[in-house]
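See structure below.
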Amino acid sequence: MKRDRSDLASTKTAEVEEMSVLPADEASRRSFLRKFASSIFAGLVAPAVLASGATLQAASSEEQTIESPSQAKGGDTIFKRMMAELHKAMQKPVEQRRWVMVIDLRKCTGCQACNVACIAENQLPPGVVYRPVIDEELGTYPNVSIRSMPRPCMQCENPPCVPVCPVTATWQRPDGIVDIDYEQCIGCRYCMTACPYHARTFDFGYKYTEETPAVQPYEEQANFEYGQRWAREGRNSPIGNVRKCHFCRHKLEAGMLPSCVTTCIGHATYFGDANDPESLVSELISRPNVMRLKEEAGTKPRVYYLL
C-alpha cells in the first residue's frame, strides 16, 4: 500500500525521538550499523547497475554493427553479391557456366510477387504461366499450415522434353538452359506431356480484354525472349507455340538477374553459377536441408529447394 507524506514524516519523527531517548553508546552503535549497511548495499548493487548499463550500451553499439540477414561477405548485400557473381560468370565461355536457382521455402510467403513480375517481364497472356506458386496444405486439423512452393522450369540436366520433340524445336544450351525455337515449334505439345513438372504451357493467343469493348494496347505489346522481339500479331509466334521459363535469358545476357529473383520480398530466391565453387548458390546447394523435385525421375533439375 502507498504511504502518504504525513505517514513518512511521523515515522521519521518517531525514529528521531527513539534515538534521542537511547543511551549515547546505543545511539552511536545503531547509527554506525545503518551507515555500514548502506555502504555494503551500495557496494553490492552499484557494480550490477553499472555492469547492466555497460551491457546495454555494448548491445546497442553491437546492433549498429551487426549485418542484416540480407548482407553477405564484405558487407555487400546478397543482391550485390549475386550481381557480381553473374558478371563474373558472363566473362566465361557459355559452356563453362551452369546456371542454378535456389528457393528457400522457409522464406517464401506465397505473395505471388515473382509470378506477377514474370508475367509483366515476359508479357504473358492468359493461360501462360512460367512461375506458378503452388500452395501445399500440411498437417491435419486443427494443426494445419500452408507451404508455398514456386515452381519455375527446372532446366533439367537430362530434360525429358527435348528428345520427344519431332522437329527439334526445344533444345538445351551449353549452360543448361532449355530453349524453345518458336519459329520451329509446330505446337504438337509432346513436350508438355513429357515434362514431369508441368512446367510448359501453350499460348492460344488469348487476351485479358478481348471480350471488352476494346482490347487494351498493353496486351498487344511485343515480348522479348530468346534474343528476339516477338510481336503479338495475328497467329504469329509465340501464338500457337509451347512456352516456358528460361531464367530470363535476355536479362542474363544484359548482365541482370531474373525478375523473380529481384522482386522476391522475402529474399527467398537465389541465382548463380554452380560451376563457381565460391558462388552463393554453390554454398546453398551443399547444405543438408536441400532437395530437388522428383529426383527419382533422373531428370537432375537445376532448381533446388531449401526446407
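Within each chain, counting starts at residue 1; across the C-alpha cells, chains are named A, B, ... in the order shown, with ligands numbered 1 upward in that order.
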Per residue of segment 235-282 of chain A within 6 Å of segment 104-121 of chain A, what are the shortest atom pair and its distance in Å to one decimal, counting only C-alpha atoms, with rows by chain and residue number, as a Markdown table?
| residue | atom | partner | partner_atom | distance |
| --- | --- | --- | --- | --- |
| A:Cys260 | CA | A:Cys114 | CA | 4.3 |
| A:Thr263 | CA | A:Cys114 | CA | 6.0 |
| A:Cys264 | CA | A:Cys114 | CA | 5.9 |
| A:Gly266 | CA | A:Lys107 | CA | 5.6 |
| A:Ala268 | CA | A:Asp104 | CA | 4.9 |
Discussion item. Going by DSSP on the backbone, which residues of segment 161-247 of chain A come out as alpha helix (DSSP H)? List them as a count of residues only.
Written reply: 5
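Atom CA of Leu306 of chain A is found 8.9 Å from atom CA of Arg292 of chain A.
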Item to complete: Quote the spacing between atom CA of Trp230 of chain A and atom CA of Val94 of chain A in Å to one decimal place.
Response: 24.3 Å
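Of note, atom CA of His250 of chain A and atom CA of Tyr226 of chain A are spaced 6.3 Å apart.
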Discussion item. Which residues are near segment 301-303 of chain A? Cut-off 10 Å, only C-alpha atoms, ignore same chain within fewer than 2 positions. Put them as a ChimeraX atom specification.
Written reply: /A:98-103,151-159,176-177,270-271,274,285,291-295,297-299,305
Just C-alpha atoms for this one: save the residues we selected as a JSON list (two decimals), in the first residue's frame.
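Listing of out-v9.json after writing:
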[["chain", "number", "residue", "atom", "x", "y", "z"],
["A", 98, "ARG", "CA", 25.95, -23.86, -65.03],
["A", 99, "TRP", "CA", 23.03, -21.72, -64.02],
["A", 100, "VAL", "CA", 21.24, -22.80, -60.85],
["A", 101, "MET", "CA", 18.28, -21.41, -58.93],
["A", 102, "VAL", "CA", 17.77, -21.97, -55.20],
["A", 103, "ILE", "CA", 14.43, -21.29, -53.49],
["A", 151, "ARG", "CA", 7.73, -23.87, -59.49],
["A", 152, "PRO", "CA", 9.65, -22.48, -62.48],
["A", 153, "CYS", "CA", 11.05, -24.65, -65.24],
["A", 154, "MET", "CA", 13.56, -26.99, -63.65],
["A", 155, "GLN", "CA", 16.06, -26.57, -66.53],
["A", 156, "CYS", "CA", 16.85, -30.27, -66.13],
["A", 157, "GLU", "CA", 20.28, -31.64, -66.84],
["A", 158, "ASN", "CA", 18.53, -34.58, -68.51],
["A", 159, "PRO", "CA", 15.40, -32.86, -69.88],
["A", 176, "GLY", "CA", 21.96, -25.75, -69.12],
["A", 177, "ILE", "CA", 19.04, -23.50, -70.06],
["A", 270, "TYR", "CA", 18.85, -17.09, -55.30],
["A", 271, "PHE", "CA", 20.53, -17.44, -58.66],
["A", 274, "ALA", "CA", 27.11, -23.54, -59.75],
["A", 285, "ILE", "CA", 23.13, -26.42, -52.63],
["A", 291, "MET", "CA", 16.15, -31.11, -52.06],
["A", 292, "ARG", "CA", 15.01, -31.27, -55.68],
["A", 293, "LEU", "CA", 11.62, -32.24, -57.08],
["A", 294, "LYS", "CA", 11.15, -35.76, -58.41],
["A", 295, "GLU", "CA", 14.80, -36.71, -58.27],
["A", 297, "ALA", "CA", 12.82, -39.44, -62.36],
["A", 298, "GLY", "CA", 16.51, -38.97, -63.17],
["A", 299, "THR", "CA", 15.97, -35.53, -64.70],
["A", 305, "TYR", "CA", 14.72, -26.05, -52.61]]
Worksheet item: So which one's closest to Ile134 of chain A, A:Ser286, A:Gln91, A:Tyr197, A:Val261? Using only C-alpha atoms, please.
Response: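 Looking only at the distances to Ile134 of chain A, the closest residue turns out to be A:Tyr197.
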Worksheet entry | Shortest interatomic distance to Val281 of chain A - which of A:Pro150, A:Leu307, A:Pro166, A:Glu85, counting only C-alpha atoms |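 When distances to Val281 of chain A are compared using only C-alpha atoms, the smallest one comes from A:Glu85.
Nearest-residue note for Asn236 of chain A: choosing from A:Thr201, A:Thr193, A:Asn275, A:Tyr182, the minimum distance belongs to A:Tyr182, counting only C-alpha atoms.
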Residues of segment 254-294 of chain A within 9 Å of segment 244-248 of chain A: nearest atom pair and distance (Å, one decimal) for each, counting only C-alpha atoms, sorted by chain and number, as CSV?
residue,atom,partner,partner_atom,distance
A:Met256,CA,A:Cys248,CA,8.9
A:Leu257,CA,A:Cys248,CA,7.7
A:Pro258,CA,A:Cys248,CA,5.1
A:Ser259,CA,A:Cys248,CA,7.1
A:Cys260,CA,A:Phe247,CA,8.8
Hey, can you spit out that residue selection with N, CA and C atoms as a tab-separated table (two decimals), in the first residue's frame?
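Contents of the output file again29.tsv:
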chain	number	residue	atom	x	y	z
A	256	MET	N	21.84	-8.79	-65.96
A	256	MET	CA	20.85	-8.59	-64.91
A	256	MET	C	20.32	-9.92	-64.41
A	257	LEU	N	19.88	-9.95	-63.16
A	257	LEU	CA	19.31	-11.15	-62.57
A	257	LEU	C	17.88	-11.35	-63.06
A	258	PRO	N	17.38	-12.59	-63.01
A	258	PRO	CA	15.98	-12.84	-63.40
A	258	PRO	C	15.01	-12.01	-62.56
A	259	SER	N	13.88	-11.66	-63.15
A	259	SER	CA	12.91	-10.79	-62.47
A	259	SER	C	12.37	-11.43	-61.20
A	260	CYS	N	12.21	-12.74	-61.19
A	260	CYS	CA	11.67	-13.39	-59.99
A	260	CYS	C	12.63	-13.28	-58.81
Discussion item. If we count only C-alpha atoms and set the cut-off at 9 Å, which residues sit around Gly234 of chain A, ignoring sequence neighbours fewer than 3 positions away in its own chain? Please answer as a PyMOL selection string.
Written reply: chain A and resi 205+237+239
Would you put the residues from that selection into a file with C-alpha atoms, as a short mmCIF file (atom, residue, chain, number, x, y, z; two decimals), in the first residue's frame?
data_model
loop_
_atom_site.label_atom_id
_atom_site.label_comp_id
_atom_site.auth_asym_id
_atom_site.auth_seq_id
_atom_site.Cartn_x
_atom_site.Cartn_y
_atom_site.Cartn_z
CA GLY A 205 -3.43 -16.23 -78.32
CA SER A 237 4.77 -16.87 -82.88
CA ILE A 239 0.97 -17.63 -80.50
#
